Amino acid sequence: MMRSCAPGRVFQVSCVALLALSALHLTVTLLYYLDIHVYTAQMVRRIGGLLISQPTSSPAGISPNFTAAARNRTLATTSPLPLQPCPETPPRLVGPSRIEFSQSINLEDVRQNNLLVREGGRYTPSECTALQKVAVIIPFRDRDEHLKYWLYYLHPLLQRQQLDYGVYIINQHGEETFNRAKLLNVGFMEALKEDNYNCFVFSDVDLIPMDDRNIYKCYNQPRHLAVSMDKFSFRLPYKQFFGGISALSREQHEKINGFPNDYWGWGGEDDDIYNRIVFRGMGISRPDGVIGKCRMIVHRRDKKNEPNPQRFDRIARTRQTMQNDGLNSLKYKVLQMRKYPLYTFIDVDIGGPGRPPS
Ligand code: UDH
Ligand code: NGS
């Protein structure tokens, strides 16, 4: 009996063992399968967040479950890498350039050559993040031909300098005596209403730099840019000269209470600005005489911009007057603001000598 049963018993045990082994295999396979699915489901859910962000249909077809949070997460995941800060020395500068005023300028051509300039004369470099936002302010009345040259030469130059900039033409409305410094103050205030500019370049409309290494940006001291003009045989006319083109940061401009509002007619206002800078403990920064070369468009004295007979008395009293004459006393009325493709034009009533704006 024992002998006859023994083989059957072995067979029975083997069968049970085989069954158990099969069950174990089945369980392991099942677990493995389930695990894969859970993992896949997680992946699908994760990837879904990405894929769903690219709807093939119109925005109205986006699932209502696609919340704003998911959209933000998705955008954060797919947006391009942040831009690097622009380099200290812009790589596309060309150095000395030929500047001449013989050919006439067609503004449409200038526009076609500067297609990256946005409405109102704004530009932002696409290849890097500019460290400053620069408002270029130009005091203006009846100098359309000069403005064309300025736009023709300056837009390409400012782009090569990788500046984030806007161009503001501040037009003195009416026939009153011209007031350069007050117009510059108006430009400062109006540009700040548009954007958070932190640097202001104040430029005459008839001055063109001859070298693009003369960067239109702000430095840790107020900057004088028109340091060697052709009309002065490429030399500074005097050590304190601060005319033509200058750059002040917002802080520097506010520290000196802006520019004087009460210099009507030609001369002295730039000397007053120089005094303000010195009286507030700052100095002047300048490029060297080669980089700072500029050409001026030759012109006659404008109507209503005769030499101001009061200018010598006024510059002798800057220390007192600068406290109450400047940004803190500025009064004007904007009559019109127009955005042109290459500049923003602001027509302003600044009043006249002894007459407030109406
Ligand atoms: N400006 C105008 N319109 C005017 C007067 C001045 O737009 O009617 C602006 C313009 O941006 C100009 C700046 O103010 O570049 C400075 O004025 P300006 O050019 O008259 O001053 P500058 O010292 O010339 O350059 C003075 C007269 C030179 C007479 C030379 C005669 N040979
Ligand atoms: C000085 C003027 C400045 C003027 C500079 C250059 O004499 O305003 O000449 O003038 N100062 C006074 O008159 C007190 S320019 O030759 O560029 O017209 O900027």
# chains A, B, ... in the order shown; residues from 1 in each chain; ligands from 1

$ closest_atom_pairs --of "chain A" --to "ligand 1" --cutoff "9 Å" --atoms "only C-alpha atoms and all ligand atoms" --output "tab-separated table"
residue	atom	partner	partner_atom_place_in_ligand_line	distance
A:Ile138	CA	ligand 1	11 (O)	5.8
A:Pro139	CA	ligand 1	11 (O)	4.7
A:Phe140	CA	ligand 1	7 (O)	3.3
A:Arg141	CA	ligand 1	3 (N)	3.9
A:Asp142	CA	ligand 1	3 (N)	5.6
A:Arg143	CA	ligand 1	7 (O)	5.3
A:Asp144	CA	ligand 1	7 (O)	8.5
A:His146	CA	ligand 1	15 (O)	8.4
A:Leu147	CA	ligand 1	11 (O)	8.6
A:Ile169	CA	ligand 1	11 (O)	9.0
A:Ile170	CA	ligand 1	7 (O)	8.8
A:Asn171	CA	ligand 1	7 (O)	7.6
A:Gln172	CA	ligand 1	3 (N)	8.2
A:Thr177	CA	ligand 1	8 (O)	8.5
A:Phe178	CA	ligand 1	5 (C)	6.0
A:Asn179	CA	ligand 1	6 (C)	7.9
A:Arg180	CA	ligand 1	14 (O)	5.5
A:Ala181	CA	ligand 1	14 (O)	8.9
A:Ser203	CA	ligand 1	11 (O)	6.9
A:Asp204	CA	ligand 1	15 (O)	3.7
A:Val205	CA	ligand 1	11 (O)	3.9
A:Asp206	CA	ligand 1	15 (O)	4.7
A:Leu207	CA	ligand 1	15 (O)	6.9
A:Gly243	CA	ligand 1	23 (O)	7.9
A:Gly244	CA	ligand 1	25 (O)	7.1
A:Gly265	CA	ligand 1	5 (C)	8.4
A:Trp266	CA	ligand 1	20 (O)	6.6
A:Gly267	CA	ligand 1	23 (O)	7.0
A:Met296	CA	ligand 1	25 (O)	7.6
A:Ile297	CA	ligand 1	25 (O)	8.7
A:Val298	CA	ligand 1	30 (C)	7.5
A:His299	CA	ligand 1	30 (C)	6.2
A:Arg300	CA	ligand 1	31 (C)	4.7
A:Arg301	CA	ligand 1	29 (C)	4.1
A:Asp302	CA	ligand 1	8 (O)	4.6
A:Lys303	CA	ligand 1	8 (O)	6.1
A:Lys304	CA	ligand 1	8 (O)	6.7
A:Asn305	CA	ligand 1	5 (C)	5.8
A:Glu306	CA	ligand 1	27 (C)	8.3
A:Pro307	CA	ligand 1	26 (C)	8.5

$ residues_around --residues "A:Lys217" --least-positions-apart "6" --cutoff "10 Å" --atoms "only C-alpha atoms" --output "count of residues only"
21

$ atom_distance --atom1 "atom CA of A:Gly281" --atom2 "atom CA of A:Arg213"
27.5 Å

$ residues_near_ligand --ligand "ligand 2" --cutoff "7 Å" --atoms "only C-alpha atoms and all ligand atoms" --output "MDAnalysis selection string"
chainID A and resid 241 243 266:271 311:312

$ write_last_selection --atoms "C-alpha atoms" --output "PDB file, in the first residue's frame"
ATOM      1  CA  PHE A 241      30.371 122.812 -19.944  1.00  0.00           C
ATOM      2  CA  GLY A 243      25.373 121.499 -22.755  1.00  0.00           C
ATOM      3  CA  TRP A 266      19.293 131.096 -25.063  1.00  0.00           C
ATOM      4  CA  GLY A 267      22.108 130.312 -22.632  1.00  0.00           C
ATOM      5  CA  GLY A 268      22.971 129.604 -19.032  1.00  0.00           C
ATOM      6  CA  GLU A 269      20.493 126.836 -18.221  1.00  0.00           C
ATOM      7  CA  ASP A 270      23.152 124.146 -18.742  1.00  0.00           C
ATOM      8  CA  ASP A 271      25.524 126.031 -16.437  1.00  0.00           C
ATOM      9  CA  ARG A 311      21.404 134.313 -17.436  1.00  0.00           C
ATOM     10  CA  PHE A 312      24.554 135.539 -15.656  1.00  0.00           C
TER      11      PHE A 312
END

$ closest_residue --among "A:Leu81, A:Ile137, A:Val278, A:Ile208" --to "A:Phe101" --atoms "only C-alpha atoms"
A:Ile208

$ select_by_dssp --residues "stretch 41-283 of chain A" --states "strand (DSSP E)" --output "ChimeraX atom specification"
/A:122-123,133-140,164-172,199-203,207-209,223-224,228-229,245-249

$ write_last_selection --atoms "N, CA, C and O atoms" --output "compact mmCIF listing (two decimals), in the first residue's frame"
# COMPACT_ATOMS: atom_id res chain seq x y z
N ARG A 122 9.73 103.26 -29.39
CA ARG A 122 10.18 102.37 -28.30
C ARG A 122 10.95 101.19 -28.86
O ARG A 122 10.61 100.66 -29.91
N TYR A 123 11.94 100.75 -28.13
CA TYR A 123 12.70 99.57 -28.54
C TYR A 123 13.17 98.82 -27.30
O TYR A 123 13.55 99.43 -26.29
N LYS A 133 16.28 101.40 -18.26
CA LYS A 133 15.22 101.79 -19.19
C LYS A 133 15.43 103.28 -19.44
O LYS A 133 15.34 104.08 -18.51
N VAL A 134 15.75 103.62 -20.69
CA VAL A 134 16.21 104.98 -21.00
C VAL A 134 15.14 105.77 -21.75
O VAL A 134 14.67 105.35 -22.81
N ALA A 135 14.79 106.95 -21.22
CA ALA A 135 13.92 107.87 -21.97
C ALA A 135 14.81 108.94 -22.57
O ALA A 135 15.57 109.60 -21.85
N VAL A 136 14.76 109.07 -23.90
CA VAL A 136 15.54 110.13 -24.56
C VAL A 136 14.59 111.31 -24.75
O VAL A 136 13.54 111.18 -25.39
N ILE A 137 14.96 112.45 -24.18
CA ILE A 137 14.08 113.62 -24.16
C ILE A 137 14.70 114.71 -25.05
O ILE A 137 15.85 115.11 -24.84
N ILE A 138 13.91 115.21 -26.01
CA ILE A 138 14.42 116.23 -26.93
C ILE A 138 13.54 117.48 -26.86
O ILE A 138 12.33 117.41 -27.12
N PRO A 139 14.15 118.64 -26.48
CA PRO A 139 13.37 119.88 -26.48
C PRO A 139 13.20 120.34 -27.93
O PRO A 139 14.14 120.24 -28.72
N PHE A 140 12.02 120.83 -28.27
CA PHE A 140 11.75 120.98 -29.70
C PHE A 140 10.79 122.13 -30.00
O PHE A 140 9.87 122.42 -29.24
N ASP A 164 17.14 99.61 -23.89
CA ASP A 164 15.69 99.57 -23.82
C ASP A 164 15.27 101.04 -23.73
O ASP A 164 15.49 101.68 -22.70
N TYR A 165 14.74 101.59 -24.81
CA TYR A 165 14.58 103.06 -24.82
C TYR A 165 13.27 103.52 -25.45
O TYR A 165 12.59 102.77 -26.16
N GLY A 166 12.96 104.79 -25.19
CA GLY A 166 11.82 105.46 -25.81
C GLY A 166 12.25 106.88 -26.16
O GLY A 166 13.05 107.48 -25.44
N VAL A 167 11.72 107.41 -27.28
CA VAL A 167 12.10 108.76 -27.73
C VAL A 167 10.92 109.72 -27.54
O VAL A 167 9.82 109.46 -28.05
N TYR A 168 11.17 110.81 -26.83
CA TYR A 168 10.11 111.78 -26.52
C TYR A 168 10.49 113.17 -27.05
O TYR A 168 11.50 113.74 -26.63
N ILE A 169 9.69 113.67 -27.97
CA ILE A 169 9.90 115.01 -28.51
C ILE A 169 8.96 115.94 -27.75
O ILE A 169 7.73 115.79 -27.83
N ILE A 170 9.55 116.90 -27.04
CA ILE A 170 8.72 117.79 -26.21
C ILE A 170 8.64 119.14 -26.94
O ILE A 170 9.61 119.91 -26.95
N ASN A 171 7.50 119.37 -27.52
CA ASN A 171 7.32 120.54 -28.39
C ASN A 171 6.74 121.72 -27.60
O ASN A 171 5.66 121.62 -26.99
N GLN A 172 7.46 122.85 -27.66
CA GLN A 172 6.94 124.06 -27.00
C GLN A 172 5.87 124.67 -27.90
O GLN A 172 6.16 125.15 -29.00
N CYS A 199 16.52 106.05 -16.39
CA CYS A 199 17.61 106.86 -16.93
C CYS A 199 17.04 107.82 -17.98
O CYS A 199 16.17 107.43 -18.77
N PHE A 200 17.54 109.05 -17.98
CA PHE A 200 17.03 110.09 -18.89
C PHE A 200 18.19 110.71 -19.65
O PHE A 200 19.12 111.23 -19.03
N VAL A 201 18.12 110.61 -20.96
CA VAL A 201 19.13 111.28 -21.79
C VAL A 201 18.46 112.51 -22.37
O VAL A 201 17.41 112.41 -23.01
N PHE A 202 19.05 113.68 -22.11
CA PHE A 202 18.49 114.95 -22.58
C PHE A 202 19.34 115.41 -23.75
O PHE A 202 20.54 115.69 -23.57
N SER A 203 18.74 115.46 -24.94
CA SER A 203 19.56 115.77 -26.10
C SER A 203 18.97 116.88 -26.97
O SER A 203 17.77 116.88 -27.25
N LEU A 207 22.25 117.48 -32.53
CA LEU A 207 23.55 116.89 -32.17
C LEU A 207 23.56 115.38 -32.41
O LEU A 207 22.72 114.64 -31.88
N ILE A 208 24.55 114.94 -33.20
CA ILE A 208 24.65 113.52 -33.55
C ILE A 208 26.02 113.00 -33.13
O ILE A 208 27.06 113.55 -33.55
N PRO A 209 26.05 111.96 -32.31
CA PRO A 209 27.35 111.40 -31.92
C PRO A 209 28.05 110.75 -33.11
O PRO A 209 27.40 110.15 -33.97
N ARG A 223 26.15 112.29 -16.42
CA ARG A 223 27.03 112.09 -17.57
C ARG A 223 26.87 113.22 -18.58
O ARG A 223 25.74 113.63 -18.91
N HIS A 224 28.01 113.72 -19.06
CA HIS A 224 27.97 114.67 -20.17
C HIS A 224 28.45 113.93 -21.40
O HIS A 224 29.53 113.32 -21.39
N SER A 228 33.08 116.56 -27.24
CA SER A 228 33.94 117.19 -28.25
C SER A 228 33.15 117.39 -29.54
O SER A 228 33.02 116.49 -30.36
N MET A 229 32.63 118.62 -29.63
CA MET A 229 31.77 118.96 -30.76
C MET A 229 32.59 119.57 -31.88
O MET A 229 33.56 120.30 -31.62
N ILE A 245 24.15 117.32 -24.83
CA ILE A 245 23.59 115.99 -24.51
C ILE A 245 24.07 115.59 -23.11
O ILE A 245 25.28 115.64 -22.84
N SER A 246 23.13 115.21 -22.25
CA SER A 246 23.52 114.75 -20.91
C SER A 246 22.62 113.59 -20.50
O SER A 246 21.54 113.40 -21.07
N ALA A 247 23.09 112.83 -19.52
CA ALA A 247 22.30 111.68 -19.03
C ALA A 247 22.30 111.69 -17.51
O ALA A 247 23.36 111.74 -16.89
N LEU A 248 21.10 111.66 -16.94
CA LEU A 248 20.97 111.58 -15.49
C LEU A 248 20.00 110.46 -15.13
O LEU A 248 18.95 110.31 -15.78
N SER A 249 20.35 109.72 -14.09
CA SER A 249 19.40 108.71 -13.62
C SER A 249 18.23 109.44 -12.97
O SER A 249 18.32 110.64 -12.65

$ closest_residue --among "A:Thr129, A:Lys148, A:Thr344, A:Tyr263" --to "A:Asn106" --atoms "only C-alpha atoms"
A:Lys148

$ atom_distance --atom1 "atom CA of A:Gln162" --atom2 "atom CA of A:Thr124"
7.7 Å
